[in-house]
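Student: As input, take coords.txt (compact mmCIF, C-alpha atoms):
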# COMPACT_ATOMS: atom_id res chain seq x y z
CA MET A 1 -16.13 -22.57 -6.89
CA MET A 2 -13.23 -24.12 -5.06
CA PRO A 3 -12.14 -21.86 -2.23
CA VAL A 4 -8.51 -20.84 -2.37
CA PRO A 5 -6.63 -22.00 0.74
CA LEU A 6 -5.58 -19.40 3.26
CA GLN A 7 -1.89 -20.21 2.86
CA HIS A 8 -1.87 -19.03 -0.74
CA PHE A 9 -3.10 -15.60 0.25
CA LEU A 10 -0.64 -15.45 3.12
CA PHE A 11 2.29 -16.36 0.92
CA PHE A 12 1.21 -13.88 -1.74
CA ALA A 13 0.95 -11.15 0.88
CA ALA A 14 4.35 -12.05 2.33
CA ALA A 15 5.94 -11.88 -1.10
CA LEU A 16 4.34 -8.52 -1.85
CA PHE A 17 5.45 -7.21 1.55
CA VAL A 18 9.02 -8.31 0.92
CA ILE A 19 9.00 -6.70 -2.53
CA GLY A 20 7.83 -3.47 -0.93
CA VAL A 21 10.51 -3.62 1.76
CA TYR A 22 13.17 -4.15 -0.90
CA GLY A 23 11.87 -1.15 -2.84
CA ALA A 24 11.78 1.05 0.23
CA LEU A 25 15.38 0.12 0.98
CA VAL A 26 16.95 0.56 -2.43
CA ARG A 27 15.09 3.48 -3.98
CA ARG A 28 16.83 6.83 -3.99
CA ASN A 29 13.72 8.70 -5.03
CA ILE A 30 11.34 9.67 -2.23
CA ILE A 31 8.34 9.08 -4.47
CA GLY A 32 9.68 5.60 -5.21
CA ILE A 33 9.82 4.94 -1.49
CA LEU A 34 6.20 6.07 -1.17
CA LEU A 35 5.22 3.64 -3.94
CA SER A 36 6.93 0.81 -2.07
CA ILE A 37 5.11 1.74 1.12
CA GLU A 38 1.83 1.49 -0.79
CA LEU A 39 2.79 -2.07 -1.77
CA ILE A 40 3.50 -2.93 1.89
CA VAL A 41 0.17 -1.52 3.06
CA ASN A 42 -1.71 -3.45 0.40
CA ALA A 43 0.01 -6.68 1.41
CA VAL A 44 -1.15 -6.15 4.97
CA ASN A 45 -4.69 -5.47 3.77
CA VAL A 46 -4.77 -8.71 1.79
CA ASN A 47 -3.70 -10.53 4.94
CA LEU A 48 -6.44 -8.91 7.01
CA VAL A 49 -9.19 -9.74 4.54
CA ALA A 50 -7.95 -13.30 4.06
CA PHE A 51 -7.92 -13.89 7.81
CA SER A 52 -11.37 -12.44 8.23
CA ARG A 53 -12.63 -14.83 5.57
CA SER A 54 -11.09 -17.95 6.98
CA THR A 55 -11.68 -17.57 10.70
CA SER A 56 -15.04 -17.94 12.32
CA LEU A 57 -15.23 -14.42 13.67
CA ALA A 58 -17.62 -11.84 12.28
CA PRO A 59 -16.69 -11.50 8.61
CA GLU A 60 -16.92 -7.71 8.68
CA THR A 61 -14.08 -7.17 11.12
CA GLY A 62 -11.14 -7.62 8.81
CA GLN A 63 -12.75 -5.62 6.03
CA ILE A 64 -13.38 -2.69 8.35
CA PHE A 65 -9.78 -2.80 9.53
CA ALA A 66 -8.70 -2.80 5.89
CA LEU A 67 -10.94 0.20 5.21
CA PHE A 68 -9.37 2.17 8.04
CA ILE A 69 -5.91 1.20 6.84
CA ILE A 70 -6.73 2.37 3.31
CA ALA A 71 -7.88 5.72 4.69
CA MET A 72 -4.76 6.08 6.80
CA ALA A 73 -2.54 5.18 3.83
CA ALA A 74 -4.23 7.81 1.70
CA ALA A 75 -3.64 10.37 4.46
CA ALA A 76 0.00 9.31 4.74
CA VAL A 77 0.51 9.67 1.01
CA ALA A 78 -1.09 13.12 0.99
CA VAL A 79 1.15 14.40 3.78
CA GLY A 80 4.20 12.66 2.33
CA LEU A 81 3.74 14.21 -1.09
CA ALA A 82 3.19 17.64 0.48
CA ILE A 83 6.50 17.22 2.30
CA VAL A 84 8.14 16.12 -0.95
CA LEU A 85 6.88 19.25 -2.71
CA ALA A 86 8.05 21.54 0.09
CA LEU A 87 11.42 19.78 0.15
CA PHE A 88 11.81 20.05 -3.60
CA ARG A 89 11.07 23.76 -3.43
CA ILE A 90 13.80 24.30 -0.85
CA ARG A 91 16.51 21.80 -1.81
CA LYS A 92 15.79 21.22 -5.53
CA THR A 93 16.20 17.48 -5.12
CA ILE A 94 14.10 14.49 -4.12
CA PHE A 95 16.94 12.00 -3.74
CA THR A 96 17.34 10.77 -0.22
CA ASP A 97 21.12 10.66 -0.22
CA GLN A 98 21.35 14.30 -1.20
CA ILE A 99 19.15 15.46 1.65
CA ASP A 100 21.79 15.65 4.34
CA LEU A 101 20.90 18.89 6.05
CA LEU A 102 21.23 17.36 9.51
CA LYS A 103 24.52 15.61 8.80
CA GLY A 104 27.23 17.29 10.84
CA MET B 1 -1.90 -13.01 -7.89
CA GLY B 2 0.91 -13.53 -10.33
CA ILE B 3 0.02 -10.32 -12.12
CA SER B 4 0.21 -8.40 -8.87
CA LEU B 5 3.57 -9.87 -7.97
CA ILE B 6 5.08 -9.17 -11.39
CA ALA B 7 3.73 -5.64 -11.33
CA GLY B 8 5.04 -5.21 -7.80
CA VAL B 9 8.53 -6.24 -8.87
CA ALA B 10 8.27 -3.83 -11.79
CA THR B 11 7.19 -1.11 -9.38
CA VAL B 12 10.34 -1.39 -7.33
CA THR B 13 12.79 -2.03 -10.15
CA LEU B 14 11.80 0.17 -13.10
CA PRO B 15 14.25 3.05 -13.48
CA ASN B 16 11.64 5.53 -14.67
CA ILE B 17 9.49 6.57 -11.73
CA PHE B 18 6.50 7.26 -13.96
CA HIS B 19 6.57 3.73 -15.35
CA ALA B 20 6.89 2.47 -11.79
CA THR B 21 3.71 4.32 -10.88
CA LEU B 22 1.87 2.80 -13.81
CA SER B 23 2.94 -0.69 -12.79
CA LEU B 24 1.77 0.12 -9.27
CA VAL B 25 -1.65 0.67 -10.85
CA ALA B 26 -1.49 -2.84 -12.30
CA ALA B 27 -0.53 -4.28 -8.92
CA LEU B 28 -3.37 -2.45 -7.16
CA LEU B 29 -5.89 -3.66 -9.73
CA GLY B 30 -4.68 -7.21 -9.18
CA ILE B 31 -5.20 -6.76 -5.45
CA ALA B 32 -8.73 -5.52 -6.15
CA GLY B 33 -9.27 -8.78 -8.00
CA ILE B 34 -8.03 -10.67 -4.95
CA TYR B 35 -10.59 -8.82 -2.84
CA LEU B 36 -13.24 -10.02 -5.26
CA ILE B 37 -12.02 -13.60 -4.83
CA LEU B 38 -12.26 -13.14 -1.08
CA HIS B 39 -15.87 -11.88 -1.38
CA ALA B 40 -14.96 -8.38 -0.24
CA GLU B 41 -16.67 -6.56 -3.08
CA PHE B 42 -16.96 -3.26 -1.25
CA LEU B 43 -13.23 -3.26 -0.55
CA ALA B 44 -12.51 -3.99 -4.20
CA VAL B 45 -14.56 -0.96 -5.27
CA ILE B 46 -12.92 1.20 -2.61
CA GLN B 47 -9.50 -0.02 -3.72
CA VAL B 48 -10.14 0.99 -7.31
CA LEU B 49 -11.69 4.33 -6.35
CA LEU B 50 -9.25 5.39 -3.67
CA TYR B 51 -5.95 3.89 -4.77
CA VAL B 52 -6.16 3.72 -8.52
CA GLY B 53 -8.28 6.84 -8.70
CA ALA B 54 -6.97 9.18 -6.03
CA VAL B 55 -3.62 8.11 -4.66
CA VAL B 56 -2.03 7.32 -8.00
CA THR B 57 -3.28 10.60 -9.44
CA LEU B 58 -1.73 12.40 -6.49
CA ILE B 59 1.58 10.59 -6.99
CA ILE B 60 1.59 11.40 -10.70
CA PHE B 61 0.97 15.06 -9.89
CA ALA B 62 3.90 15.02 -7.49
CA ILE B 63 6.15 13.41 -10.11
CA MET B 64 5.18 16.03 -12.66
CA LEU B 65 5.78 18.84 -10.17
CA THR B 66 9.13 17.68 -8.91
CA GLU B 67 11.23 16.28 -11.73
CA GLY B 68 11.21 15.93 -15.46
CA ILE B 69 10.15 12.38 -16.27
CA SER B 70 12.53 12.29 -19.20
CA ASN B 71 15.87 12.29 -17.39
CA LYS B 72 16.69 8.60 -17.26
CA THR B 73 20.39 9.07 -16.68
CA ILE B 74 20.14 9.55 -12.93
CA ALA B 75 20.64 6.41 -10.88
CA GLN B 76 17.42 5.49 -9.10
CA ARG B 77 18.93 3.11 -6.58
CA ASN B 78 21.48 3.42 -3.85
CA LYS B 79 24.21 0.94 -3.08
CA LEU B 80 22.13 -1.21 -0.75
CA GLY B 81 20.88 -3.48 -3.55
CA PRO B 82 22.59 -6.84 -2.81
CA ALA B 83 22.18 -6.49 0.94
CA ALA B 84 18.50 -5.63 0.50
CA VAL B 85 17.93 -8.61 -1.78
CA GLY B 86 19.62 -10.90 0.71
CA GLY B 87 17.64 -9.58 3.63
CA ALA B 88 14.40 -9.77 1.69
CA VAL B 89 14.99 -13.38 0.66
CA VAL B 90 15.88 -14.40 4.22
CA PHE B 91 12.79 -12.67 5.58
CA LEU B 92 10.57 -14.28 2.96
CA ALA B 93 12.01 -17.70 3.75
CA ALA B 94 11.33 -17.16 7.45
CA LEU B 95 7.75 -16.09 6.77
CA TRP B 96 7.25 -19.04 4.44
CA GLY B 97 8.43 -21.42 7.14
CA VAL B 98 6.04 -19.89 9.65
CA ILE B 99 3.10 -20.00 7.24
CA ARG B 100 3.75 -23.63 6.37
CA SER B 101 4.28 -24.87 9.89
CA THR B 102 1.34 -23.10 11.53
CA PRO B 103 -1.87 -25.15 11.71
CA TRP B 104 -4.35 -22.67 10.28
CA PRO B 105 -8.01 -23.34 10.95
CA ILE B 106 -9.91 -25.00 8.18
CA GLN B 107 -11.92 -22.55 6.11
CA GLY B 108 -14.71 -21.54 8.44
CA GLY B 109 -16.35 -18.92 6.30
CA THR B 110 -17.40 -20.98 3.34
CA SER B 111 -21.09 -21.11 4.10
CA GLU B 112 -23.33 -18.66 2.33
CA ASN B 113 -24.47 -16.63 5.35
CA SER B 114 -20.95 -15.80 6.50
CA TYR B 115 -20.23 -13.37 3.70
CA ALA B 116 -19.96 -9.77 4.78
CA THR B 117 -22.69 -8.05 2.88
CA LEU B 118 -22.72 -4.32 2.29
CA ALA B 119 -25.51 -3.89 4.83
CA SER B 120 -23.69 -5.78 7.56
CA LEU B 121 -20.51 -3.86 6.75
CA ALA B 122 -22.33 -0.55 7.12
CA GLY B 123 -24.04 -1.75 10.28
CA SER B 124 -20.84 -2.61 12.02
CA LEU B 125 -19.02 0.46 10.66
CA LEU B 126 -21.66 2.71 12.22
CA GLY B 127 -22.32 0.42 15.18
CA ASP B 128 -19.37 -1.29 16.80
CA TYR B 129 -16.74 0.80 15.09
CA ILE B 130 -18.37 4.20 15.32
CA PHE B 131 -15.59 5.68 17.44
CA PRO B 132 -12.71 4.87 15.05
CA PHE B 133 -14.95 6.06 12.24
CA GLU B 134 -15.32 9.47 13.86
CA VAL B 135 -11.64 9.62 14.78
CA ILE B 136 -10.58 8.90 11.23
CA SER B 137 -12.79 11.68 9.91
CA VAL B 138 -11.06 14.11 12.27
CA ILE B 139 -7.68 12.76 11.12
CA LEU B 140 -8.63 13.27 7.48
CA ILE B 141 -9.58 16.87 8.17
CA ALA B 142 -6.27 17.41 9.94
CA VAL B 143 -4.39 15.83 7.04
CA LEU B 144 -6.26 18.00 4.54
CA ILE B 145 -5.31 21.20 6.35
CA GLY B 146 -1.80 20.00 7.12
CA ALA B 147 -1.00 19.03 3.55
CA ILE B 148 -2.17 22.42 2.30
CA VAL B 149 -0.12 24.24 4.93
CA ILE B 150 3.02 22.23 4.22
CA ALA B 151 2.82 22.49 0.45
CA LYS B 152 1.87 26.16 0.44
CA LYS B 153 4.09 28.53 -1.49
CA ASP B 154 5.37 30.78 1.27
CA SER B 155 5.54 28.26 4.10
CA VAL B 156 8.76 27.42 5.94
Using structure tokens, write down the structure that the file contains.
Tutor:
Amino acid sequence: MMPVPLQHFLFFAAALFVIGVYGALVRRNIIGILLSIELIVNAVNVNLVAFSRSTSLAPETGQIFALFIIAMAAAAVAVGLAIVLALFRIRKTIFTDQIDLLKG
Amino acid sequence: MGISLIAGVATVTLPNIFHATLSLVAALLGIAGIYLILHAEFLAVIQVLLYVGAVVTLIIFAIMLTEGISNKTIAQRNKLGPAAVGGAVVFLAALWGVIRSTPWPIQGGTSENSYATLASLAGSLLGDYIFPFEVISVILIAVLIGAIVIAKKDSV
């Protein structure tokens, strides 16, 4: 099988990252922002695995980094959704522009 | 790759947050396929198990608990749309220029013995990377307790 060049993976990951950044900027819903952050994290993981394939280092390194990042992303989502639930119970909204408790 | 990108765009643009979550599933499955192309089979399985299995289920639970999924009349985006599109396109163009102009090394890992097998992955996870492995287990315990405490009924 013809190996796919590294640049294709890099460009794919860059595009996915940019899509995630756009989503994190324009969403009003906190859960939507969390979804966009998942896209960003996955783009970074694709980059790590692609680099670990194409360089001459030990091929496990990038995959182990990606594993740790997946675990950290799962932890972040768990805490984020717990905060969303607590916030919804107090403020009855999950839209970021209506959460202005600290605005003077 | 194309499937993942289309599903990613759908994830950030669909007005219904539940549909957005389902398209995130499609994007994550496409990324699992990319891991398979890159000969990272263990990561592909972990991606399906952890993301598609656990994280998406958690997000769907949160959607069900916070808002009715039927109210489509509320605007899902703020007024940053054009500025965000412009910034994203500029950033992507900059990254594209960097990727094209950098002389990446020629594929070094194409020979058969340079694939990361499951055994070598486990060996280095419990060998060289044993300290981060232990730290992340402590972090997961802390996250478990913290999420329960934050989301508890009578907290705050």
Student: Restricting the calculation to all atoms listed in the file, which member of B:Leu140, B:Ile99, B:Val25, B:Ala84 is positioned closest to Arg27 in chain A?
Tutor: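 Of all the options, B:Ala84 lies closest to Arg27 in chain A.
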Student: What are the closest atom pairs, with distances in Å to one decimal, for all residues of chain A lying within 6 Å of chain B? Consider all atoms listed in the file, order rows by chain and residue number, and present the result as JSON lines.
Tutor:
{"residue": "A:Val18", "atom": "CA", "partner": "B:Ala88", "partner_atom": "CA", "distance": 5.6}
{"residue": "A:Tyr22", "atom": "CA", "partner": "B:Ala84", "partner_atom": "CA", "distance": 5.7}
{"residue": "A:Gly23", "atom": "CA", "partner": "B:Val12", "partner_atom": "CA", "distance": 4.7}
{"residue": "A:Val26", "atom": "CA", "partner": "B:Arg77", "partner_atom": "CA", "distance": 5.3}
{"residue": "A:Arg27", "atom": "CA", "partner": "B:Arg77", "partner_atom": "CA", "distance": 4.7}
{"residue": "A:Arg28", "atom": "CA", "partner": "B:Arg77", "partner_atom": "CA", "distance": 5.0}
{"residue": "A:Arg53", "atom": "CA", "partner": "B:Gly109", "partner_atom": "CA", "distance": 5.6}
{"residue": "A:Ser54", "atom": "CA", "partner": "B:Gln107", "partner_atom": "CA", "distance": 4.8}
{"residue": "A:Thr55", "atom": "CA", "partner": "B:Gly108", "partner_atom": "CA", "distance": 5.5}
{"residue": "A:Ser56", "atom": "CA", "partner": "B:Gly108", "partner_atom": "CA", "distance": 5.3}
{"residue": "A:Pro59", "atom": "CA", "partner": "B:Ala116", "partner_atom": "CA", "distance": 5.3}
{"residue": "A:Glu60", "atom": "CA", "partner": "B:Ala116", "partner_atom": "CA", "distance": 5.4}
{"residue": "A:Val79", "atom": "CA", "partner": "B:Ala147", "partner_atom": "CA", "distance": 5.1}
{"residue": "A:Ala82", "atom": "CA", "partner": "B:Ala151", "partner_atom": "CA", "distance": 4.9}
{"residue": "A:Ala86", "atom": "CA", "partner": "B:Ala151", "partner_atom": "CA", "distance": 5.3}
Student: Figure out the distance between CA of Thr57 in chain B and CA of Gln63 in chain A, please, to one decimal in Å.
Tutor: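 Here the two named atoms are 24.3 Å from each other.
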Student: Taking only C-alpha atoms into account, which of A:Ile30, A:Ile70, A:Ile19, A:Ala14 comes nearest Phe88 in chain A?
Tutor: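 For Phe88 in chain A, the nearest of the given residues is A:Ile30.
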Student: When you draw a straight line from CA of Leu16 in chain A to CA of Ala43 in chain A, how long is it in Å?
Tutor: 5.7 Å
Student: Return the single residue from A:Val49, A:Val41, A:Phe9, A:Asp97 that is closest to Ala73 in chain A, with distances computed using only C-alpha atoms.
Tutor: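 Of A:Val49, A:Val41, A:Phe9, A:Asp97, the one nearest Ala73 in chain A, counting only C-alpha atoms, is A:Val41.
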Student: What is the distance, in Å and to one decimal place, between CA of Phe65 in chain A and CA of Ile40 in chain A?
Tutor: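 Taking CA of Phe65 in chain A and CA of Ile40 in chain A, their separation equals 15.3 Å.
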Student: Identify which of the residues A:Thr96, A:Asn42, A:Ala58, A:Phe68 lies closest to Leu29 in chain B, counting only C-alpha atoms when measuring atom-to-atom distances.
Tutor: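 Selected residue with least distance to Leu29 in chain B: A:Asn42.
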